$ cat run.csv   # CSV, C-alpha atoms
chain,number,residue,atom,x,y,z
A,1,MET,CA,128.2,95.5,79.7
A,2,THR,CA,130.2,97.5,82.3
A,3,ALA,CA,129.7,97.2,86.0
A,4,ALA,CA,128.3,100.7,86.2
A,5,ALA,CA,125.7,99.9,83.5
A,6,SER,CA,124.7,96.7,85.4
A,7,ALA,CA,124.3,98.6,88.6
A,8,ALA,CA,122.2,101.3,86.9
A,9,ARG,CA,119.7,98.8,85.4
A,10,PRO,CA,117.9,97.9,88.7
A,11,ARG,CA,117.8,101.6,89.7
A,12,ARG,CA,116.3,102.5,86.3
A,13,ARG,CA,113.8,99.7,86.6
A,14,ALA,CA,112.8,100.9,90.1
A,15,LEU,CA,112.3,104.5,88.9
A,16,LEU,CA,110.1,103.3,86.0
A,17,LEU,CA,108.1,101.1,88.4
A,18,GLY,CA,107.8,104.0,90.8
A,19,ALA,CA,106.6,106.3,88.0
A,20,GLY,CA,104.0,103.7,86.9
A,21,LEU,CA,102.7,103.1,90.4
A,22,PHE,CA,102.5,106.8,91.0
A,23,ALA,CA,100.5,107.3,87.8
A,24,ALA,CA,98.2,104.4,89.0
A,25,VAL,CA,97.7,106.2,92.3
A,26,LEU,CA,96.7,109.4,90.5
A,27,ALA,CA,94.3,107.5,88.2
A,28,LEU,CA,92.7,105.8,91.1
A,29,ILE,CA,92.2,109.1,92.9
A,30,VAL,CA,90.4,110.5,89.9
A,31,ALA,CA,88.3,107.3,89.7
A,32,ARG,CA,87.4,107.5,93.4
A,33,VAL,CA,86.3,111.1,93.0
A,34,LEU,CA,84.3,110.7,89.8
A,35,LEU,CA,82.8,107.3,89.9
A,36,GLY,CA,79.9,106.3,92.1
A,37,THR,CA,76.3,107.2,92.6
A,38,PRO,CA,75.8,110.0,91.5
A,39,PHE,CA,78.5,110.1,88.8
A,40,VAL,CA,80.5,113.4,88.9
A,41,TYR,CA,81.5,114.8,85.5
A,42,ALA,CA,85.2,115.8,85.3
A,43,ASP,CA,84.5,119.4,84.3
A,44,LEU,CA,82.3,119.9,87.4
A,45,ALA,CA,85.0,118.3,89.6
A,46,VAL,CA,87.6,120.6,88.2
A,47,ARG,CA,85.4,123.6,88.8
A,48,VAL,CA,84.9,122.5,92.4
A,49,LEU,CA,88.6,122.0,93.0
A,50,LEU,CA,89.3,125.5,91.6
A,51,GLY,CA,87.1,127.0,94.3
A,52,GLU,CA,83.7,127.3,92.6
A,53,ASP,CA,80.6,126.3,94.6
A,54,VAL,CA,78.6,123.8,92.6
A,55,PRO,CA,75.5,122.9,94.5
A,56,GLY,CA,75.5,119.2,95.5
A,57,VAL,CA,78.7,118.4,93.6
A,58,SER,CA,80.9,120.5,96.0
A,59,PHE,CA,79.8,118.4,99.0
A,60,ILE,CA,80.3,115.1,97.2
A,61,VAL,CA,83.8,116.0,95.9
A,62,LEU,CA,85.2,118.0,98.8
A,63,ASP,CA,83.5,116.4,101.9
A,64,ASP,CA,83.0,112.8,100.8
A,65,ARG,CA,85.1,111.4,98.0
A,66,LEU,CA,88.3,113.5,97.9
A,67,PRO,CA,89.0,112.9,101.7
A,68,ALA,CA,88.4,109.2,101.2
A,69,ALA,CA,90.7,109.0,98.2
A,70,LEU,CA,93.6,110.9,100.0
A,71,LEU,CA,93.0,108.8,103.1
A,72,GLY,CA,93.4,105.7,101.0
A,73,VAL,CA,96.7,107.0,99.7
A,74,LEU,CA,98.1,107.8,103.1
A,75,ALA,CA,96.8,104.7,104.9
A,76,GLY,CA,97.9,102.4,102.1
A,77,ALA,CA,101.4,103.9,102.0
A,78,SER,CA,101.7,103.7,105.8
A,79,PHE,CA,100.6,100.0,105.9
A,80,GLY,CA,103.0,99.3,103.1
A,81,LEU,CA,105.9,100.9,105.0
A,82,SER,CA,105.0,99.1,108.2
A,83,GLY,CA,104.8,95.7,106.6
A,84,THR,CA,108.1,96.1,104.9
A,85,VAL,CA,109.8,97.2,108.1
A,86,PHE,CA,108.6,94.1,110.0
A,87,GLN,CA,109.2,91.7,107.2
A,88,THR,CA,112.8,93.0,106.6
A,89,LEU,CA,113.6,93.3,110.3
A,90,LEU,CA,112.4,89.8,111.2
A,91,ARG,CA,113.6,88.2,107.9
A,92,ASN,CA,110.2,86.6,107.4
A,93,PRO,CA,107.6,87.4,104.7
A,94,LEU,CA,104.8,86.4,107.1
A,95,ALA,CA,105.9,89.0,109.7
A,96,SER,CA,103.5,91.8,108.8
A,97,PRO,CA,101.5,93.7,111.4
A,98,ASP,CA,98.2,92.1,110.5
A,99,VAL,CA,99.5,88.6,110.7
A,100,ILE,CA,101.4,88.9,114.0
A,101,GLY,CA,98.6,90.7,115.8
A,102,VAL,CA,99.6,94.4,115.9
A,103,SER,CA,96.6,95.5,113.8
A,104,LEU,CA,94.3,93.3,115.8
A,105,GLY,CA,95.7,94.8,119.0
A,106,SER,CA,94.7,98.3,117.7
A,107,SER,CA,91.3,96.9,116.7
A,108,ALA,CA,90.8,95.2,120.1
A,109,ALA,CA,91.7,98.3,122.0
A,110,ALA,CA,89.2,100.3,120.0
A,111,VAL,CA,86.4,97.9,120.5
A,112,PHE,CA,87.2,97.7,124.2
A,113,ALA,CA,87.2,101.5,124.6
A,114,LEU,CA,83.9,101.6,122.6
A,115,ALA,CA,82.2,98.8,124.5
A,116,VAL,CA,83.4,99.4,128.1
A,117,LEU,CA,84.4,103.1,128.2
A,118,ASP,CA,82.0,104.5,125.6
A,119,ALA,CA,85.0,106.3,124.2
A,120,GLN,CA,84.6,108.6,121.1
A,121,GLY,CA,86.7,110.9,119.0
A,122,LEU,CA,90.3,111.6,120.1
A,123,THR,CA,90.0,109.2,123.1
A,124,LEU,CA,89.2,106.3,120.8
A,125,PHE,CA,92.1,107.3,118.5
A,126,TRP,CA,94.6,107.1,121.4
A,127,TRP,CA,93.2,103.8,122.6
A,128,THR,CA,93.6,102.4,119.1
A,129,LEU,CA,97.2,103.7,118.8
A,130,LEU,CA,98.3,102.5,122.2
A,131,GLY,CA,96.7,99.1,121.6
A,132,GLY,CA,98.9,98.4,118.6
A,133,LEU,CA,102.0,99.5,120.5
A,134,ALA,CA,101.2,97.4,123.6
A,135,THR,CA,100.5,94.3,121.4
A,136,ALA,CA,103.9,94.7,119.7
A,137,LEU,CA,105.7,95.1,123.0
A,138,LEU,CA,103.9,92.0,124.4
A,139,VAL,CA,104.8,89.9,121.4
A,140,LEU,CA,108.4,91.1,121.6
A,141,TRP,CA,108.7,90.4,125.3
A,142,VAL,CA,107.2,86.9,125.1
A,143,ALA,CA,109.4,86.0,122.2
A,144,ARG,CA,112.5,87.2,124.0
A,145,ALA,CA,111.5,85.5,127.2
A,146,HIS,CA,111.1,82.2,125.2
A,147,ARG,CA,114.6,82.7,123.8
A,148,ALA,CA,116.1,83.4,127.2
A,149,GLY,CA,114.5,80.2,128.5
A,150,GLY,CA,116.6,78.3,126.1
A,151,ALA,CA,113.8,76.5,124.4
A,152,GLY,CA,114.8,75.6,120.9
A,153,ALA,CA,118.1,77.6,120.8
A,154,GLY,CA,119.0,78.8,117.4
A,155,GLY,CA,120.2,81.7,115.5
A,156,ALA,CA,118.6,85.0,114.6
A,157,GLY,CA,116.3,83.3,112.2
A,158,ALA,CA,114.9,81.0,114.9
A,159,VAL,CA,114.2,84.1,117.1
A,160,ASP,CA,112.4,85.8,114.3
A,161,ASP,CA,110.3,82.7,113.6
A,162,ARG,CA,109.5,82.7,117.4
A,163,PHE,CA,108.3,86.3,117.1
A,164,VAL,CA,105.9,85.4,114.3
A,165,LEU,CA,104.6,82.3,116.1
A,166,VAL,CA,104.0,84.3,119.3
A,167,GLY,CA,102.3,87.0,117.3
A,168,ILE,CA,99.9,84.6,115.7
A,169,GLY,CA,99.0,83.2,119.1
A,170,VAL,CA,98.4,86.7,120.5
A,171,ALA,CA,96.3,87.5,117.4
A,172,ALA,CA,94.1,84.4,118.1
A,173,ALA,CA,93.6,85.6,121.7
A,174,LEU,CA,92.7,89.1,120.6
A,175,THR,CA,90.2,87.7,118.1
A,176,ALA,CA,88.5,85.9,120.9
A,177,LEU,CA,88.5,89.1,123.0
A,178,ILE,CA,86.9,91.1,120.2
A,179,GLN,CA,84.2,88.5,119.7
A,180,TYR,CA,83.4,88.5,123.4
A,181,LEU,CA,83.2,92.3,123.4
A,182,LEU,CA,80.9,92.3,120.3
A,183,SER,CA,78.6,89.9,122.0
A,184,ARG,CA,78.2,92.3,124.9
A,185,LEU,CA,77.3,95.3,122.7
A,186,PRO,CA,73.9,96.4,121.6
A,187,THR,CA,73.2,95.7,118.0
A,188,GLN,CA,73.6,99.3,116.9
A,189,ARG,CA,76.9,99.7,118.7
A,190,ALA,CA,78.1,96.4,117.4
A,191,GLY,CA,77.6,97.8,113.9
A,192,ASP,CA,79.7,100.8,114.8
A,193,ALA,CA,82.4,98.5,116.1
A,194,MET,CA,82.6,96.7,112.8
A,195,HIS,CA,84.6,99.6,111.4
A,196,TRP,CA,87.5,98.6,113.6
A,197,LEU,CA,87.3,95.0,112.4
A,198,VAL,CA,87.0,95.5,108.7
A,199,GLY,CA,88.4,98.9,107.7
A,200,SER,CA,86.8,101.4,105.5
A,201,LEU,CA,87.5,104.8,104.0
A,202,SER,CA,83.8,105.9,104.2
A,203,GLY,CA,84.3,107.8,107.4
A,204,ALA,CA,87.2,109.9,106.1
A,205,THR,CA,87.2,113.5,107.2
A,206,TRP,CA,89.8,116.3,106.7
A,207,PRO,CA,90.7,116.4,110.5
A,208,ARG,CA,91.4,112.6,110.4
A,209,LEU,CA,93.4,113.1,107.3
A,210,ALA,CA,95.4,115.9,108.8
A,211,VAL,CA,96.3,113.7,111.9
A,212,LEU,CA,97.6,110.9,109.7
A,213,ALA,CA,99.4,113.3,107.3
A,214,GLY,CA,101.1,115.1,110.2
A,215,ALA,CA,102.2,111.8,111.8
A,216,LEU,CA,103.6,110.5,108.5
A,217,CYS,CA,105.6,113.8,108.1
A,218,VAL,CA,107.5,112.8,111.2
A,219,LEU,CA,107.6,109.0,110.8
A,220,VAL,CA,108.7,108.8,107.2
A,221,PRO,CA,111.9,110.9,107.7
A,222,LEU,CA,112.6,108.9,110.9
A,223,LEU,CA,112.2,105.7,109.0
A,224,ALA,CA,114.5,107.0,106.2
A,225,LEU,CA,117.2,107.6,108.8
A,226,LEU,CA,116.8,104.1,110.2
A,227,LEU,CA,116.9,102.3,106.8
A,228,GLY,CA,120.7,102.3,106.7
A,229,ARG,CA,120.8,100.6,110.1
A,230,LEU,CA,118.1,98.1,109.0
A,231,ARG,CA,120.4,97.1,106.1
A,232,ILE,CA,123.3,96.6,108.5
A,233,LEU,CA,121.0,94.4,110.7
A,234,GLN,CA,120.4,92.2,107.7
A,235,LEU,CA,124.0,91.2,107.9
A,236,GLY,CA,123.4,89.5,111.2
A,237,ASP,CA,123.6,90.7,114.8
A,238,ASP,CA,127.2,89.7,115.3
A,239,THR,CA,128.4,91.6,112.2
A,240,ALA,CA,126.2,94.6,113.0
A,241,THR,CA,127.7,94.7,116.5
A,242,SER,CA,131.2,94.5,115.2
A,243,LEU,CA,130.4,97.5,112.9
A,244,GLY,CA,129.5,99.5,116.0
A,245,LEU,CA,125.7,99.3,115.6
A,246,PRO,CA,123.7,99.3,118.9
A,247,VAL,CA,121.6,96.3,117.9
A,248,PRO,CA,119.0,96.2,120.7
A,249,ALA,CA,118.3,99.9,120.5
A,250,THR,CA,118.0,99.8,116.7
A,251,ARG,CA,115.6,96.9,116.8
A,252,VAL,CA,113.4,98.7,119.4
A,253,ALA,CA,113.4,101.9,117.3
A,254,LEU,CA,112.4,100.0,114.2
A,255,VAL,CA,109.7,98.1,116.0
A,256,VAL,CA,108.2,101.3,117.4
A,257,VAL,CA,108.3,103.1,114.1
A,258,GLY,CA,106.8,100.0,112.4
A,259,VAL,CA,104.0,99.8,115.0
A,260,LEU,CA,103.2,103.5,114.7
A,261,LEU,CA,103.0,103.2,110.9
A,262,SER,CA,100.5,100.4,111.3
A,263,ALA,CA,98.5,101.6,114.3
A,264,LEU,CA,97.9,105.2,113.0
A,265,PRO,CA,96.1,104.1,109.8
A,266,VAL,CA,94.1,101.6,111.9
A,267,ALA,CA,93.1,104.4,114.2
A,268,VAL,CA,91.8,106.4,111.3
A,269,ALA,CA,90.5,103.9,108.7
A,270,GLY,CA,90.4,100.5,110.5
A,271,PRO,CA,92.7,97.5,109.9
A,272,LEU,CA,92.3,97.1,106.1
A,273,ALA,CA,93.4,93.5,106.2
A,274,PHE,CA,96.5,92.2,104.4
A,275,VAL,CA,97.6,95.5,102.9
A,276,ALA,CA,100.8,95.6,105.1
A,277,PHE,CA,101.3,91.9,104.3
A,278,LEU,CA,100.9,92.2,100.5
A,279,SER,CA,102.7,95.4,99.8
A,280,GLY,CA,106.3,94.4,100.4
A,281,PRO,CA,106.2,91.0,98.6
A,282,ILE,CA,104.4,92.6,95.6
A,283,ALA,CA,107.0,95.4,95.4
A,284,ARG,CA,109.8,92.8,95.6
A,285,MET,CA,108.3,90.7,92.8
A,286,LEU,CA,107.9,93.8,90.6
A,287,ALA,CA,111.4,95.3,91.3
A,288,GLY,CA,113.3,92.0,91.8
A,289,ARG,CA,114.5,93.2,95.2
A,290,PRO,CA,113.1,94.7,98.4
A,291,SER,CA,112.1,98.4,98.0
A,292,VAL,CA,110.6,100.5,100.7
A,293,PRO,CA,109.3,103.3,98.5
A,294,LEU,CA,107.7,100.9,96.0
A,295,ALA,CA,106.1,99.1,98.9
A,296,ALA,CA,104.5,102.4,100.0
A,297,LEU,CA,103.2,103.0,96.5
A,298,VAL,CA,101.9,99.4,96.2
A,299,GLY,CA,100.0,99.8,99.5
A,300,ALA,CA,98.4,103.0,98.2
A,301,VAL,CA,97.3,101.3,95.0
A,302,LEU,CA,95.9,98.3,96.8
A,303,VAL,CA,93.8,100.4,99.2
A,304,LEU,CA,92.5,102.8,96.5
A,305,ALA,CA,91.8,100.0,94.0
A,306,ALA,CA,89.9,98.0,96.7
A,307,ASP,CA,87.9,101.1,97.7
A,308,VAL,CA,87.0,101.9,94.1
A,309,ALA,CA,86.0,98.3,93.4
A,310,GLY,CA,84.0,98.1,96.6
A,311,GLN,CA,82.1,101.3,95.7
A,312,ASN,CA,81.3,100.4,92.1
A,313,LEU,CA,81.5,96.7,91.2
A,314,VAL,CA,78.7,95.2,93.3
A,315,GLY,CA,75.6,97.1,92.1
A,316,ARG,CA,74.1,99.3,94.8
A,317,ILE,CA,76.0,97.5,97.6
A,318,ASP,CA,79.0,99.4,99.0
A,319,LEU,CA,81.6,97.0,100.2
A,320,ALA,CA,84.2,98.4,102.6
A,321,ALA,CA,87.8,98.4,101.3
A,322,GLY,CA,88.9,96.1,104.0
A,323,VAL,CA,86.5,93.4,102.7
A,324,ILE,CA,88.2,93.5,99.3
A,325,THR,CA,91.7,93.5,100.6
A,326,GLY,CA,90.9,90.6,103.0
A,327,ALA,CA,89.5,88.6,100.0
A,328,LEU,CA,92.6,89.3,98.0
A,329,GLY,CA,95.1,88.7,100.9
A,330,ALA,CA,93.7,85.4,102.2
A,331,PRO,CA,94.7,83.3,99.1
A,332,PHE,CA,98.0,85.1,98.9
A,333,LEU,CA,98.7,84.2,102.5
A,334,LEU,CA,97.9,80.6,101.8
A,335,TRP,CA,100.2,80.6,98.8
A,336,MET,CA,103.0,82.1,100.9
A,337,LEU,CA,102.5,79.4,103.6
A,338,VAL,CA,102.6,76.6,101.0
A,339,ARG,CA,105.7,78.2,99.3
A,340,SER,CA,107.4,78.5,102.7
A,341,ALA,CA,106.6,74.9,103.7
A,342,ALA,CA,107.9,73.6,100.3
A,343,GLY,CA,111.1,75.6,100.7
A,344,SER,CA,111.8,74.3,104.2
A,345,GLY,CA,111.1,70.7,103.0
A,346,ARG,CA,113.9,70.7,100.5
$ encode --input "run.csv" --output "structure tokens"
Amino acid sequence: MTAAASAARPRRRALLLGAGLFAAVLALIVARVLLGTPFVYADLAVRVLLGEDVPGVSFIVLDDRLPAALLGVLAGASFGLSGTVFQTLLRNPLASPDVIGVSLGSSAAAVFALAVLDAQGLTLFWWTLLGGLATALLVLWVARAHRAGGAGAGGAGAVDDRFVLVGIGVAAALTALIQYLLSRLPTQRAGDAMHWLVGSLSGATWPRLAVLAGALCVLVPLLALLLGRLRILQLGDDTATSLGLPVPATRVALVVVGVLLSALPVAVAGPLAFVAFLSGPIARMLAGRPSVPLAALVGAVLVLAADVAGQNLVGRIDLAAGVITGALGAPFLLWMLVRSAAGSGR
């Protein structure tokens, strides 16, 4: 086998996987629109999508289920991209936004704004967005301060592990803050705040969808421009610097893009636990190597599949998508921790 043929095989495999995941996304969109109570027949859904007004069905398809399905695609893809950025940048499979506290920062800011400021609408959106960014900057600052203090000097890997450990500590503090704020809320308001703790597509609207889609139209091309620099960073800071890469500025730019890719879907759909954490490793297992586009598609599949399952598999009870993803992600996280501990003990 020639070198060119060997190099083409992973690319062909990635394309086939991408096509399969894209087909799964389309199938799940159809399932999300048609399945549920009441069931919508395919011919009626097509007539609605072609512009015909079918009483009852038009509202279900256009105002309820289709926005939820499309929000699931965009939120899942955004989480998948964010998790892959953090895991690659920090060289640690545990370094996803939901594990290191970025998603919890967004949720805590939303609950605080809801409980203390009675914020609604766009104000609540901005609090959620800024909460995630502030949390990431706090974790980065504490990790760097710890490094500057000389405690446990080590290479880049040690710094990255410090970032994860600091993030887990900040996440614990944010969890306590959220619990305190919930205890101060009236019962009805506490129920409203649960959206920011679990994550759900049930509140999807076209304006919210437009905000997330518009943001991704800016962030995805920006991330594409930074991917080449991210690959150089993987060679090590010294090598990257010798190649003329501004390492600190590049790291900050990647952190900001990663945070925005995580905080924006939280602001629209809630945290959707473990989607960012799962997407990159699953894409890597499927493709045999890290793949940012495949991670985005895996994220979309995870959110849509969780939402379809939550809406249809438990009788008349509708489970939020975040409940399903949390149930799937927790054992995977434990497996990753055991695997990491076993690897370090060799």
$ closest_atom_pairs --input "run.csv" --of "stretch 63-139 of chain A" --to "stretch 38-48 of chain A" --cutoff "12 Å" --atoms "only C-alpha atoms" --output "Markdown table"
| residue | atom | partner | partner_atom | distance |
| --- | --- | --- | --- | --- |
| A:Asp63 | CA | A:Val48 | CA | 11.4 |
| A:Arg65 | CA | A:Val40 | CA | 10.4 |
| A:Leu66 | CA | A:Ala45 | CA | 10.1 |
$ write_last_selection --input "run.csv" --atoms "C-alpha atoms" --output "PDB file, keeping the file's coordinate frame"
ATOM      1  CA  ASP A  63      83.500 116.400 101.900  1.00  0.00           C
ATOM      2  CA  ARG A  65      85.100 111.400  98.000  1.00  0.00           C
ATOM      3  CA  LEU A  66      88.300 113.500  97.900  1.00  0.00           C
TER       4      LEU A  66
END
$ atom_distance --input "run.csv" --atom1 "atom CA of A:Pro207" --atom2 "atom CA of A:Leu222"
23.2 Å
$ residues_around --input "run.csv" --residues "A:Gly36" --least-positions-apart "3" --cutoff "10 Å" --atoms "all atoms listed in the file" --output "VMD selection string"
chain A and resid 31 to 33 39 to 40 65 308 311 to 313 316 318
$ residues_around --input "run.csv" --residues "A:Gly169" --least-positions-apart "4" --cutoff "9 Å" --atoms "only C-alpha atoms" --output "PyMOL selection string"
chain A and resi 100-101+164-165+173-174
$ closest_residue --input "run.csv" --among "A:Gly83, A:Gly131, A:Gly244, A:Gly18" --to "A:Ala267" --atoms "all atoms listed in the file"
A:Gly131
$ residues_near_point --input "run.csv" --point "(108.9, 101.5, 90.1)" --cutoff "12 Å" --atoms "only C-alpha atoms" --output "compact mmCIF listing (two decimals) with C-alpha atoms, in the coordinates of the input"
# COMPACT_ATOMS: atom_id res chain seq x y z
CA PRO A 10 117.90 97.90 88.70
CA ARG A 11 117.80 101.60 89.70
CA ARG A 12 116.30 102.50 86.30
CA ARG A 13 113.80 99.70 86.60
CA ALA A 14 112.80 100.90 90.10
CA LEU A 15 112.30 104.50 88.90
CA LEU A 16 110.10 103.30 86.00
CA LEU A 17 108.10 101.10 88.40
CA GLY A 18 107.80 104.00 90.80
CA ALA A 19 106.60 106.30 88.00
CA GLY A 20 104.00 103.70 86.90
CA LEU A 21 102.70 103.10 90.40
CA PHE A 22 102.50 106.80 91.00
CA ALA A 23 100.50 107.30 87.80
CA ALA A 24 98.20 104.40 89.00
CA ILE A 282 104.40 92.60 95.60
CA ALA A 283 107.00 95.40 95.40
CA ARG A 284 109.80 92.80 95.60
CA MET A 285 108.30 90.70 92.80
CA LEU A 286 107.90 93.80 90.60
CA ALA A 287 111.40 95.30 91.30
CA GLY A 288 113.30 92.00 91.80
CA ARG A 289 114.50 93.20 95.20
CA PRO A 290 113.10 94.70 98.40
CA SER A 291 112.10 98.40 98.00
CA VAL A 292 110.60 100.50 100.70
CA PRO A 293 109.30 103.30 98.50
CA LEU A 294 107.70 100.90 96.00
CA ALA A 295 106.10 99.10 98.90
CA ALA A 296 104.50 102.40 100.00
CA LEU A 297 103.20 103.00 96.50
CA VAL A 298 101.90 99.40 96.20
$ residues_around --input "run.csv" --residues "A:Ala95" --least-positions-apart "4" --cutoff "12 Å" --atoms "only C-alpha atoms" --output "NGL selection string"
:A and (82-91 or 99-102 or 136 or 139 or 160-168 or 255 or 258 or 274 or 276-278 or 280-281 or 333 or 336-337)
$ write_last_selection --input "run.csv" --atoms "C-alpha atoms" --output "tab-separated table (two decimals), keeping the file's coordinate frame"
chain	number	residue	atom	x	y	z
A	82	SER	CA	105.00	99.10	108.20
A	83	GLY	CA	104.80	95.70	106.60
A	84	THR	CA	108.10	96.10	104.90
A	85	VAL	CA	109.80	97.20	108.10
A	86	PHE	CA	108.60	94.10	110.00
A	87	GLN	CA	109.20	91.70	107.20
A	88	THR	CA	112.80	93.00	106.60
A	89	LEU	CA	113.60	93.30	110.30
A	90	LEU	CA	112.40	89.80	111.20
A	91	ARG	CA	113.60	88.20	107.90
A	99	VAL	CA	99.50	88.60	110.70
A	100	ILE	CA	101.40	88.90	114.00
A	101	GLY	CA	98.60	90.70	115.80
A	102	VAL	CA	99.60	94.40	115.90
A	136	ALA	CA	103.90	94.70	119.70
A	139	VAL	CA	104.80	89.90	121.40
A	160	ASP	CA	112.40	85.80	114.30
A	161	ASP	CA	110.30	82.70	113.60
A	162	ARG	CA	109.50	82.70	117.40
A	163	PHE	CA	108.30	86.30	117.10
A	164	VAL	CA	105.90	85.40	114.30
A	165	LEU	CA	104.60	82.30	116.10
A	166	VAL	CA	104.00	84.30	119.30
A	167	GLY	CA	102.30	87.00	117.30
A	168	ILE	CA	99.90	84.60	115.70
A	255	VAL	CA	109.70	98.10	116.00
A	258	GLY	CA	106.80	100.00	112.40
A	274	PHE	CA	96.50	92.20	104.40
A	276	ALA	CA	100.80	95.60	105.10
A	277	PHE	CA	101.30	91.90	104.30
A	278	LEU	CA	100.90	92.20	100.50
A	280	GLY	CA	106.30	94.40	100.40
A	281	PRO	CA	106.20	91.00	98.60
A	333	LEU	CA	98.70	84.20	102.50
A	336	MET	CA	103.00	82.10	100.90
A	337	LEU	CA	102.50	79.40	103.60
$ closest_residue --input "run.csv" --among "A:Ala253, A:Val54, A:Leu74, A:Leu62" --to "A:Val301" --atoms "all atoms listed in the file"
A:Leu74
$ atom_distance --input "run.csv" --atom1 "atom CA of A:Leu70" --atom2 "atom CA of A:Pro331"
27.6 Å
$ closest_residue --input "run.csv" --among "A:Gly203, A:Gly191, A:Gly132, A:Gly56" --to "A:Ala68" --atoms "only C-alpha atoms"
A:Gly203
$ closest_residue --input "run.csv" --among "A:Thr135, A:Gln234, A:Thr37, A:Thr187" --to "A:Val256" --atoms "all atoms listed in the file"
A:Thr135
$ closest_residue --input "run.csv" --among "A:Leu260, A:Ile324, A:Ala210, A:Leu177" --to "A:Leu133" --atoms "all atoms listed in the file"
A:Leu260
$ closest_residue --input "run.csv" --among "A:Leu181, A:Leu104, A:Ala115, A:Val338" --to "A:Leu197" --atoms "all atoms listed in the file"
A:Leu104
$ atom_distance --input "run.csv" --atom1 "atom CA of A:Ser200" --atom2 "atom CA of A:Leu140"
28.8 Å
$ residues_around --input "run.csv" --residues "A:Asp192" --least-positions-apart "2" --cutoff "12 Å" --atoms "all atoms listed in the file" --output "list in words"
Ala110, Val111, Leu114, Ala115, Asp118, Gln120, Leu182, Leu185, Pro186, Thr187, Gln188, Arg189, Ala190, Met194, His195, Trp196, Leu197, Val198, Gly199, Ser200, Gly203 and Gly270 of chain A
$ write_last_selection --input "run.csv" --atoms "C-alpha atoms" --output "PDB file, in the frame of the given file"
ATOM      1  CA  ALA A 110      89.200 100.300 120.000  1.00  0.00           C
ATOM      2  CA  VAL A 111      86.400  97.900 120.500  1.00  0.00           C
ATOM      3  CA  LEU A 114      83.900 101.600 122.600  1.00  0.00           C
ATOM      4  CA  ALA A 115      82.200  98.800 124.500  1.00  0.00           C
ATOM      5  CA  ASP A 118      82.000 104.500 125.600  1.00  0.00           C
ATOM      6  CA  GLN A 120      84.600 108.600 121.100  1.00  0.00           C
ATOM      7  CA  LEU A 182      80.900  92.300 120.300  1.00  0.00           C
ATOM      8  CA  LEU A 185      77.300  95.300 122.700  1.00  0.00           C
ATOM      9  CA  PRO A 186      73.900  96.400 121.600  1.00  0.00           C
ATOM     10  CA  THR A 187      73.200  95.700 118.000  1.00  0.00           C
ATOM     11  CA  GLN A 188      73.600  99.300 116.900  1.00  0.00           C
ATOM     12  CA  ARG A 189      76.900  99.700 118.700  1.00  0.00           C
ATOM     13  CA  ALA A 190      78.100  96.400 117.400  1.00  0.00           C
ATOM     14  CA  MET A 194      82.600  96.700 112.800  1.00  0.00           C
ATOM     15  CA  HIS A 195      84.600  99.600 111.400  1.00  0.00           C
ATOM     16  CA  TRP A 196      87.500  98.600 113.600  1.00  0.00           C
ATOM     17  CA  LEU A 197      87.300  95.000 112.400  1.00  0.00           C
ATOM     18  CA  VAL A 198      87.000  95.500 108.700  1.00  0.00           C
ATOM     19  CA  GLY A 199      88.400  98.900 107.700  1.00  0.00           C
ATOM     20  CA  SER A 200      86.800 101.400 105.500  1.00  0.00           C
ATOM     21  CA  GLY A 203      84.300 107.800 107.400  1.00  0.00           C
ATOM     22  CA  GLY A 270      90.400 100.500 110.500  1.00  0.00           C
TER      23      GLY A 270
END
$ residues_around --input "run.csv" --residues "A:Gly310" --least-positions-apart "4" --cutoff "10 Å" --atoms "all atoms listed in the file" --output "list of chain:residue names"
A:Ser200, A:Leu304, A:Ala305, A:Ala306, A:Val314, A:Gly315, A:Ile317, A:Asp318, A:Leu319, A:Ala320, A:Ala321, A:Gly322, A:Val323, A:Ile324, A:Thr325
$ write_last_selection --input "run.csv" --atoms "C-alpha atoms" --output "PDB file, in the frame of the given file"
ATOM      1  CA  SER A 200      86.800 101.400 105.500  1.00  0.00           C
ATOM      2  CA  LEU A 304      92.500 102.800  96.500  1.00  0.00           C
ATOM      3  CA  ALA A 305      91.800 100.000  94.000  1.00  0.00           C
ATOM      4  CA  ALA A 306      89.900  98.000  96.700  1.00  0.00           C
ATOM      5  CA  VAL A 314      78.700  95.200  93.300  1.00  0.00           C
ATOM      6  CA  GLY A 315      75.600  97.100  92.100  1.00  0.00           C
ATOM      7  CA  ILE A 317      76.000  97.500  97.600  1.00  0.00           C
ATOM      8  CA  ASP A 318      79.000  99.400  99.000  1.00  0.00           C
ATOM      9  CA  LEU A 319      81.600  97.000 100.200  1.00  0.00           C
ATOM     10  CA  ALA A 320      84.200  98.400 102.600  1.00  0.00           C
ATOM     11  CA  ALA A 321      87.800  98.400 101.300  1.00  0.00           C
ATOM     12  CA  GLY A 322      88.900  96.100 104.000  1.00  0.00           C
ATOM     13  CA  VAL A 323      86.500  93.400 102.700  1.00  0.00           C
ATOM     14  CA  ILE A 324      88.200  93.500  99.300  1.00  0.00           C
ATOM     15  CA  THR A 325      91.700  93.500 100.600  1.00  0.00           C
TER      16      THR A 325
END
